[in-house]
$ cat input.cif   # mmCIF, C-alpha atoms
data_data
loop_
_atom_site.label_atom_id
_atom_site.label_comp_id
_atom_site.auth_asym_id
_atom_site.auth_seq_id
_atom_site.Cartn_x
_atom_site.Cartn_y
_atom_site.Cartn_z
CA MET A 1 -23.96 -166.21 172.28
CA VAL A 2 -22.70 -166.74 168.75
CA HIS A 3 -19.30 -168.28 168.37
CA TRP A 4 -17.00 -167.00 165.63
CA THR A 5 -13.90 -168.92 164.65
CA ALA A 6 -10.71 -167.04 163.86
CA GLU A 7 -11.19 -168.02 160.22
CA GLU A 8 -14.71 -166.61 160.13
CA LYS A 9 -13.58 -163.33 161.68
CA GLN A 10 -10.82 -163.14 159.10
CA LEU A 11 -13.23 -163.77 156.23
CA ILE A 12 -15.52 -161.05 157.54
CA THR A 13 -12.91 -158.37 158.13
CA SER A 14 -10.95 -159.04 154.95
CA ILE A 15 -14.07 -158.55 152.83
CA TRP A 16 -15.39 -155.64 154.89
CA GLY A 17 -12.06 -153.83 154.61
CA LYS A 18 -12.57 -153.60 150.86
CA VAL A 19 -16.24 -152.59 150.87
CA ASN A 20 -17.20 -149.07 149.83
CA VAL A 21 -19.93 -148.64 152.42
CA GLU A 22 -21.71 -145.82 150.62
CA GLU A 23 -21.84 -147.56 147.21
CA CYS A 24 -22.57 -150.99 148.56
CA GLY A 25 -25.23 -149.74 150.96
CA ALA A 26 -26.96 -147.74 148.23
CA GLU A 27 -26.92 -150.69 145.86
CA ALA A 28 -28.17 -153.16 148.44
CA LEU A 29 -31.10 -150.99 149.48
CA ALA A 30 -31.99 -150.15 145.87
CA ARG A 31 -31.98 -153.83 144.94
CA LEU A 32 -34.14 -154.66 147.96
CA LEU A 33 -36.74 -152.14 146.80
CA ILE A 34 -36.54 -153.36 143.19
CA VAL A 35 -36.39 -157.13 143.70
CA TYR A 36 -38.93 -157.17 146.56
CA PRO A 37 -41.12 -154.18 145.74
CA TRP A 38 -43.39 -154.70 148.74
CA THR A 39 -40.49 -153.46 150.88
CA GLN A 40 -41.21 -150.00 149.47
CA ARG A 41 -44.06 -149.85 152.00
CA PHE A 42 -41.64 -148.43 154.58
CA PHE A 43 -40.44 -145.61 152.39
CA ASP A 44 -43.46 -143.50 151.45
CA SER A 45 -41.48 -140.37 152.28
CA PHE A 46 -38.69 -141.20 149.86
CA GLY A 47 -40.34 -139.70 146.78
CA ASN A 48 -40.00 -141.33 143.39
CA LEU A 49 -39.69 -145.12 143.61
CA SER A 50 -41.70 -145.73 140.45
CA SER A 51 -39.05 -147.59 138.44
CA PRO A 52 -35.68 -149.30 138.92
CA THR A 53 -34.02 -146.24 137.38
CA ALA A 54 -35.87 -143.92 139.75
CA ILE A 55 -34.97 -146.07 142.74
CA ILE A 56 -31.29 -146.34 141.83
CA GLY A 57 -31.03 -142.59 141.28
CA ASN A 58 -33.07 -141.62 144.34
CA PRO A 59 -30.80 -139.66 146.73
CA LYS A 60 -32.84 -140.68 149.78
CA VAL A 61 -32.37 -144.34 148.89
CA ARG A 62 -28.64 -143.81 148.54
CA ALA A 63 -28.40 -141.95 151.82
CA HIS A 64 -30.46 -144.48 153.69
CA GLY A 65 -28.53 -147.37 152.18
CA LYS A 66 -25.32 -145.82 153.42
CA LYS A 67 -26.84 -145.37 156.89
CA VAL A 68 -27.96 -148.99 157.05
CA LEU A 69 -24.64 -150.40 155.93
CA THR A 70 -22.69 -148.10 158.25
CA SER A 71 -24.70 -149.57 161.07
CA PHE A 72 -23.83 -153.02 159.79
CA GLY A 73 -20.19 -152.01 160.19
CA GLU A 74 -20.89 -151.48 163.87
CA ALA A 75 -22.08 -155.07 164.08
CA ILE A 76 -18.81 -156.24 162.58
CA LYS A 77 -16.87 -154.30 165.23
CA ASN A 78 -18.98 -155.94 167.94
CA LEU A 79 -19.32 -159.53 166.78
CA ASP A 80 -19.17 -160.88 170.30
CA ASN A 81 -21.75 -158.48 171.64
CA LEU A 82 -24.35 -158.10 168.93
CA LYS A 83 -27.57 -158.28 170.92
CA VAL A 84 -26.43 -155.47 173.21
CA THR A 85 -25.02 -153.42 170.34
CA TYR A 86 -28.33 -153.58 168.48
CA SER A 87 -30.63 -153.40 171.49
CA LYS A 88 -31.85 -149.85 170.88
CA LEU A 89 -32.02 -150.32 167.12
CA SER A 90 -34.13 -153.40 167.65
CA GLU A 91 -36.58 -151.49 169.83
CA LEU A 92 -36.71 -148.72 167.25
CA HIS A 93 -37.51 -151.12 164.40
CA CYS A 94 -40.25 -152.71 166.45
CA GLU A 95 -41.88 -149.80 168.23
CA LYS A 96 -41.40 -146.91 165.84
CA LEU A 97 -40.67 -148.32 162.41
CA HIS A 98 -42.87 -151.45 162.63
CA VAL A 99 -40.64 -153.45 160.31
CA ASP A 100 -41.34 -157.18 159.97
CA PRO A 101 -38.01 -158.92 160.77
CA GLU A 102 -38.41 -160.94 157.58
CA ASN A 103 -37.22 -157.78 155.84
CA PHE A 104 -33.85 -158.02 157.62
CA ARG A 105 -33.41 -161.49 156.14
CA LEU A 106 -34.33 -160.23 152.68
CA LEU A 107 -31.82 -157.38 152.91
CA GLY A 108 -29.16 -159.77 154.19
CA ASP A 109 -29.58 -162.03 151.15
CA ILE A 110 -29.47 -159.04 148.83
CA LEU A 111 -26.25 -157.87 150.48
CA ILE A 112 -24.72 -161.31 149.85
CA ILE A 113 -25.54 -161.04 146.15
CA VAL A 114 -24.11 -157.51 145.95
CA LEU A 115 -20.90 -158.73 147.61
CA ALA A 116 -20.76 -161.72 145.27
CA ALA A 117 -21.06 -159.48 142.22
CA HIS A 118 -18.38 -157.17 143.57
CA PHE A 119 -15.84 -159.73 144.76
CA THR A 120 -16.64 -162.49 142.22
CA LYS A 121 -14.25 -165.42 142.63
CA ASP A 122 -12.89 -164.03 145.91
CA PHE A 123 -16.35 -164.59 147.34
CA THR A 124 -15.62 -168.26 147.91
CA PRO A 125 -18.14 -170.75 149.29
CA ALA A 126 -16.49 -170.42 152.72
CA CYS A 127 -16.79 -166.67 152.44
CA GLN A 128 -20.46 -166.89 151.49
CA ALA A 129 -21.18 -169.30 154.34
CA THR A 130 -19.53 -166.95 156.87
CA TRP A 131 -21.34 -163.90 155.57
CA GLN A 132 -24.68 -165.73 155.50
CA LYS A 133 -24.07 -166.57 159.14
CA LEU A 134 -23.27 -162.91 159.81
CA VAL A 135 -26.36 -161.51 158.11
CA GLY A 136 -28.47 -164.11 159.88
CA VAL A 137 -27.04 -163.16 163.25
CA VAL A 138 -27.51 -159.45 162.54
CA ALA A 139 -31.13 -160.06 161.53
CA HIS A 140 -31.67 -162.08 164.69
CA ALA A 141 -30.13 -159.34 166.88
CA LEU A 142 -32.32 -156.72 165.23
CA ALA A 143 -35.40 -158.80 165.90
CA HIS A 144 -34.41 -159.69 169.43
CA LYS A 145 -36.22 -156.89 171.25
CA TYR A 146 -39.48 -157.30 169.35
CA HIS A 147 -42.58 -157.67 171.44
CA MET B 1 -45.52 -165.24 141.02
CA VAL B 2 -46.55 -163.94 137.60
CA LEU B 3 -43.76 -163.44 135.09
CA SER B 4 -44.23 -160.36 132.94
CA ALA B 5 -43.15 -160.26 129.31
CA ASN B 6 -40.15 -158.25 130.48
CA ASP B 7 -39.25 -160.87 133.08
CA LYS B 8 -39.38 -163.60 130.45
CA THR B 9 -37.13 -161.64 128.10
CA ASN B 10 -34.68 -160.88 130.93
CA VAL B 11 -34.51 -164.54 131.94
CA LYS B 12 -34.06 -165.84 128.39
CA THR B 13 -31.39 -163.25 127.64
CA ALA B 14 -29.53 -163.99 130.87
CA PHE B 15 -29.54 -167.74 130.24
CA SER B 16 -28.31 -167.24 126.69
CA LYS B 17 -25.33 -165.40 128.17
CA PHE B 18 -24.58 -168.28 130.55
CA GLY B 19 -24.30 -170.53 127.51
CA GLY B 20 -22.73 -173.92 128.08
CA HIS B 21 -21.52 -172.91 131.55
CA VAL B 22 -24.95 -173.30 133.05
CA GLU B 23 -24.22 -176.95 133.87
CA GLU B 24 -21.24 -175.90 136.00
CA TYR B 25 -23.35 -173.25 137.67
CA GLY B 26 -25.80 -175.91 138.78
CA GLY B 27 -23.01 -177.82 140.48
CA GLU B 28 -21.53 -174.69 141.99
CA ALA B 29 -24.90 -173.60 143.37
CA LEU B 30 -25.39 -176.99 145.01
CA ASP B 31 -21.89 -176.90 146.44
CA ARG B 32 -22.48 -173.46 147.95
CA MET B 33 -25.85 -174.54 149.28
CA PHE B 34 -24.34 -177.54 151.09
CA VAL B 35 -21.62 -175.37 152.64
CA THR B 36 -23.87 -172.46 153.56
CA TYR B 37 -26.96 -174.41 154.63
CA PRO B 38 -25.69 -177.74 156.00
CA GLN B 39 -29.22 -178.93 156.72
CA THR B 40 -29.71 -179.32 152.95
CA LYS B 41 -27.20 -182.16 153.01
CA THR B 42 -29.79 -184.32 154.75
CA TYR B 43 -31.39 -184.97 151.37
CA PHE B 44 -28.19 -186.51 150.03
CA PRO B 45 -26.97 -189.08 152.55
CA HIS B 46 -26.07 -191.32 149.64
CA PHE B 47 -23.79 -188.74 148.00
CA ASP B 48 -20.20 -187.73 148.45
CA LEU B 49 -20.77 -184.03 149.17
CA SER B 50 -17.15 -182.97 149.49
CA HIS B 51 -16.03 -179.98 147.45
CA GLY B 52 -15.44 -181.04 143.85
CA SER B 53 -17.50 -184.20 144.15
CA ALA B 54 -18.33 -185.82 140.83
CA GLN B 55 -21.78 -186.71 142.14
CA VAL B 56 -22.53 -183.09 143.02
CA LYS B 57 -21.32 -181.97 139.60
CA ALA B 58 -23.51 -184.56 137.89
CA HIS B 59 -26.49 -183.57 139.97
CA GLY B 60 -25.79 -179.92 139.25
CA LYS B 61 -26.04 -180.69 135.53
CA LYS B 62 -29.47 -182.22 136.09
CA VAL B 63 -30.64 -179.19 138.05
CA ALA B 64 -29.28 -176.84 135.38
CA ALA B 65 -30.93 -178.84 132.60
CA ALA B 66 -34.28 -178.53 134.36
CA LEU B 67 -33.82 -174.76 134.68
CA VAL B 68 -32.96 -174.52 130.98
CA GLU B 69 -36.06 -176.58 130.16
CA ALA B 70 -38.13 -174.15 132.22
CA VAL B 71 -36.56 -171.19 130.39
CA ASN B 72 -37.27 -172.79 127.02
CA HIS B 73 -40.91 -173.25 128.00
CA ILE B 74 -41.22 -170.16 130.09
CA ASP B 75 -44.85 -169.67 129.13
CA ASP B 76 -45.72 -173.03 130.64
CA ILE B 77 -43.22 -173.92 133.34
CA ALA B 78 -45.77 -176.16 135.04
CA GLY B 79 -46.18 -178.19 131.86
CA ALA B 80 -42.46 -178.38 131.18
CA LEU B 81 -41.61 -179.54 134.71
CA SER B 82 -44.71 -181.67 135.32
CA LYS B 83 -42.79 -184.93 135.67
CA LEU B 84 -40.23 -183.32 137.96
CA SER B 85 -43.08 -181.92 139.99
CA ASP B 86 -44.53 -185.43 140.41
CA LEU B 87 -41.11 -186.76 141.38
CA HIS B 88 -40.62 -184.14 144.08
CA ALA B 89 -44.13 -184.66 145.44
CA GLN B 90 -44.17 -188.42 145.52
CA LYS B 91 -40.62 -189.51 145.97
CA LEU B 92 -38.17 -186.77 146.90
CA ARG B 93 -40.41 -184.65 149.13
CA VAL B 94 -37.80 -181.93 149.60
CA ASP B 95 -39.21 -179.39 152.05
CA PRO B 96 -40.37 -176.33 150.11
CA VAL B 97 -38.10 -173.96 152.06
CA ASN B 98 -35.05 -175.51 150.39
CA PHE B 99 -35.93 -174.35 146.88
CA LYS B 100 -35.46 -170.76 148.05
CA LEU B 101 -32.05 -171.67 149.45
CA LEU B 102 -30.89 -173.26 146.20
CA GLY B 103 -32.38 -170.40 144.17
CA HIS B 104 -30.47 -167.90 146.28
CA CYS B 105 -27.21 -169.81 145.80
CA PHE B 106 -27.84 -169.95 142.05
CA LEU B 107 -28.21 -166.15 142.03
CA VAL B 108 -24.94 -165.84 143.97
CA VAL B 109 -23.22 -167.99 141.33
CA VAL B 110 -24.66 -165.82 138.56
CA ALA B 111 -23.46 -162.71 140.40
CA ILE B 112 -19.96 -164.16 140.62
CA HIS B 113 -19.67 -165.23 136.98
CA HIS B 114 -21.78 -162.54 135.31
CA PRO B 115 -21.90 -159.47 137.56
CA ALA B 116 -22.67 -157.21 134.60
CA VAL B 117 -25.62 -159.37 133.53
CA LEU B 118 -27.17 -159.19 136.97
CA THR B 119 -28.57 -155.68 136.83
CA PRO B 120 -31.24 -154.95 139.45
CA GLU B 121 -33.99 -155.58 136.87
CA VAL B 122 -32.51 -158.88 135.72
CA HIS B 123 -31.91 -159.83 139.36
CA ALA B 124 -35.60 -159.26 140.05
CA SER B 125 -36.68 -161.28 136.99
CA LEU B 126 -34.36 -164.19 137.76
CA ASP B 127 -35.48 -164.23 141.38
CA LYS B 128 -39.11 -164.37 140.27
CA PHE B 129 -38.32 -167.11 137.76
CA LEU B 130 -36.54 -169.24 140.36
CA CYS B 131 -39.47 -168.73 142.75
CA ALA B 132 -41.84 -169.83 140.01
CA VAL B 133 -39.78 -172.99 139.42
CA GLY B 134 -39.82 -173.76 143.14
CA THR B 135 -43.57 -173.21 143.26
CA VAL B 136 -44.11 -175.62 140.34
CA LEU B 137 -41.90 -178.28 141.91
CA THR B 138 -43.85 -178.16 145.16
CA ALA B 139 -47.30 -177.62 143.63
CA LYS B 140 -48.45 -181.23 143.97
CA TYR B 141 -47.15 -181.77 147.51
CA ARG B 142 -50.63 -181.81 148.99
#
$ encode --input "input.cif" --output "structure tokens"
Amino acid sequence: MVHWTAEEKQLITSIWGKVNVEECGAEALARLLIVYPWTQRFFDSFGNLSSPTAIIGNPKVRAHGKKVLTSFGEAIKNLDNLKVTYSKLSELHCEKLHVDPENFRLLGDILIIVLAAHFTKDFTPACQATWQKLVGVVAHALAHKYH
Amino acid sequence: MVLSANDKTNVKTAFSKFGGHVEEYGGEALDRMFVTYPQTKTYFPHFDLSHGSAQVKAHGKKVAAALVEAVNHIDDIAGALSKLSDLHAQKLRVDPVNFKLLGHCFLVVVAIHHPAVLTPEVHASLDKFLCAVGTVLTAKYR
């Protein structure tokens, strides 16, 4: 089980409290698809992903980004119980969606950069370290039920 | 990783906006890397790695200078960084995975200081550029 210090929990919740989940989620997913274009392989049904502008403006990308980050919020509410919280989601990503867990790591790093751009100096090294730990743990939990 | 003409323009433009601060960014990226990925400290047992360390700042300047050199010779990064590539292969032998970690931290620093510069397209170009630098530095490893 992952151990979170009081300081880490504080750094997580204080940042999360100020995140606009819809905007941040949309931006993170759009950047994932732009910076690592091979990730578009999972989104054939999303329509026009032909350019950064198309991706950023794509309503399905926005909606899905919001969905993903909302789910991330669930992780934050269940920091001490992540594997159980994400058990069904993990199975889904393996059995139905067939997503290589490496993609969770890529999205995690993108999220860090989006947060950094948004919070600038408030995204201190300690903050970054805590959030990197969080995205790593979330990625691990999502990959946990893979077989 | 092939850099398109667009990528090269994006990288050069971004670096011109960093101006003289790029040396600080090198130090800041290293600092964040040591805090976020403690295993990277194993390459610097001889350094004071505490926050604000003069040695880390000095080393950050070196890293930044190499990046600037690569930007200035972006059509031939391998040529520009050839000596550094030899050094990493023969002497330093930093595991290749670590270049991604430092590259990521450098992008975080850019995001913090120049959020408006780091549009998704520029983000993609810079990421590719940093990957290319890492690839060059590890090219002669075996």
$ interface_residues --input "input.cif" --of "chain B" --to "chain A" --cutoff "6 Å" --atoms "all atoms listed in the file" --output "list in words"
Arg32, Thr36, Val108, Ala111, Ile112, Pro115, Pro120 and Ala124 of chain B
$ resolve_selection --input "input.cif" --expression "the PyMOL selection byres ((chain A and resi 91-96) around 10)" --output "list in words"
Tyr86, Ser87, Lys88, Leu89, Ser90, Leu97, His98, Val99, Asp100, Pro101, Leu142, Ala143, His144, Lys145, Tyr146 and His147 of chain A
$ closest_residue --input "input.cif" --among "A:Ala63, A:Asp44, A:Ile55, A:Trp38" --to "Glu121 of chain B" --atoms "all atoms listed in the file"
A:Ile55
$ resolve_selection --input "input.cif" --expression "the PyMOL selection byres ((chain B and resi 86) around 10)" --output "PDB file with C-alpha atoms, keeping the file's coordinate frame"
ATOM      1  CA  LEU B  81     -41.610-179.540 134.710  1.00  0.00           C
ATOM      2  CA  SER B  82     -44.710-181.670 135.320  1.00  0.00           C
ATOM      3  CA  LYS B  83     -42.790-184.930 135.670  1.00  0.00           C
ATOM      4  CA  LEU B  84     -40.230-183.320 137.960  1.00  0.00           C
ATOM      5  CA  SER B  85     -43.080-181.920 139.990  1.00  0.00           C
ATOM      6  CA  LEU B  87     -41.110-186.760 141.380  1.00  0.00           C
ATOM      7  CA  HIS B  88     -40.620-184.140 144.080  1.00  0.00           C
ATOM      8  CA  ALA B  89     -44.130-184.660 145.440  1.00  0.00           C
ATOM      9  CA  GLN B  90     -44.170-188.420 145.520  1.00  0.00           C
ATOM     10  CA  LYS B  91     -40.620-189.510 145.970  1.00  0.00           C
ATOM     11  CA  LEU B  92     -38.170-186.770 146.900  1.00  0.00           C
ATOM     12  CA  ARG B  93     -40.410-184.650 149.130  1.00  0.00           C
ATOM     13  CA  VAL B 136     -44.110-175.620 140.340  1.00  0.00           C
ATOM     14  CA  LEU B 137     -41.900-178.280 141.910  1.00  0.00           C
ATOM     15  CA  THR B 138     -43.850-178.160 145.160  1.00  0.00           C
ATOM     16  CA  ALA B 139     -47.300-177.620 143.630  1.00  0.00           C
ATOM     17  CA  LYS B 140     -48.450-181.230 143.970  1.00  0.00           C
ATOM     18  CA  TYR B 141     -47.150-181.770 147.510  1.00  0.00           C
TER      19      TYR B 141
END
$ resolve_selection --input "input.cif" --expression "the PyMOL selection byres ((chain B and resi 67-75) around 9)" --output "tab-separated table (two decimals) with C-alpha atoms, in the frame of the given file"
chain	number	residue	atom	x	y	z
B	3	LEU	CA	-43.76	-163.44	135.09
B	8	LYS	CA	-39.38	-163.60	130.45
B	11	VAL	CA	-34.51	-164.54	131.94
B	12	LYS	CA	-34.06	-165.84	128.39
B	15	PHE	CA	-29.54	-167.74	130.24
B	22	VAL	CA	-24.95	-173.30	133.05
B	62	LYS	CA	-29.47	-182.22	136.09
B	63	VAL	CA	-30.64	-179.19	138.05
B	64	ALA	CA	-29.28	-176.84	135.38
B	65	ALA	CA	-30.93	-178.84	132.60
B	66	ALA	CA	-34.28	-178.53	134.36
B	76	ASP	CA	-45.72	-173.03	130.64
B	77	ILE	CA	-43.22	-173.92	133.34
B	78	ALA	CA	-45.77	-176.16	135.04
B	79	GLY	CA	-46.18	-178.19	131.86
B	80	ALA	CA	-42.46	-178.38	131.18
B	81	LEU	CA	-41.61	-179.54	134.71
B	129	PHE	CA	-38.32	-167.11	137.76
B	130	LEU	CA	-36.54	-169.24	140.36
B	133	VAL	CA	-39.78	-172.99	139.42
$ atom_distance --input "input.cif" --atom1 "atom CA of Gly20 of chain B" --atom2 "atom CA of Lys61 of chain B"
10.6 Å
$ atom_distance --input "input.cif" --atom1 "atom CA of Gly134 of chain B" --atom2 "atom CA of Asp95 of chain B"
10.6 Å
$ atom_distance --input "input.cif" --atom1 "atom CA of Leu107 of chain B" --atom2 "atom CA of Thr13 of chain A"
23.5 Å
$ closest_residue --input "input.cif" --among "B:Ala14, B:Ala58, B:Cys105, B:Met1" --to "Gly27 of chain B" --atoms "only C-alpha atoms"
B:Ala58
$ residues_near_point --input "input.cif" --point "(-26.2, -146.5, 165.3)" --cutoff "10 Å" --atoms "all atoms listed in the file" --output "PyMOL selection string"
chain A and resi 67-68+70-75+85-86+88-89
$ closest_residue --input "input.cif" --among "B:Phe18, B:Pro45, B:Leu102, B:Val2" --to "Asp31 of chain B" --atoms "only C-alpha atoms"
B:Leu102
$ residues_around --input "input.cif" --residues "Tyr37 of chain B" --least-positions-apart "3" --cutoff "8 Å" --atoms "all atoms listed in the file" --output "MDAnalysis selection string"
(chainID A and resid 129) or (chainID B and resid 33:34 40:41 101)
$ closest_residue --input "input.cif" --among "B:Ala132, B:Gln39, B:Gln55, B:Val122" --to "Thr9 of chain B" --atoms "only C-alpha atoms"
B:Val122
$ residues_around --input "input.cif" --residues "Tyr25 of chain B" --least-positions-apart "5" --cutoff "8 Å" --atoms "all atoms listed in the file" --output "number ranges by chain"
B: 60, 64, 106, 109-110
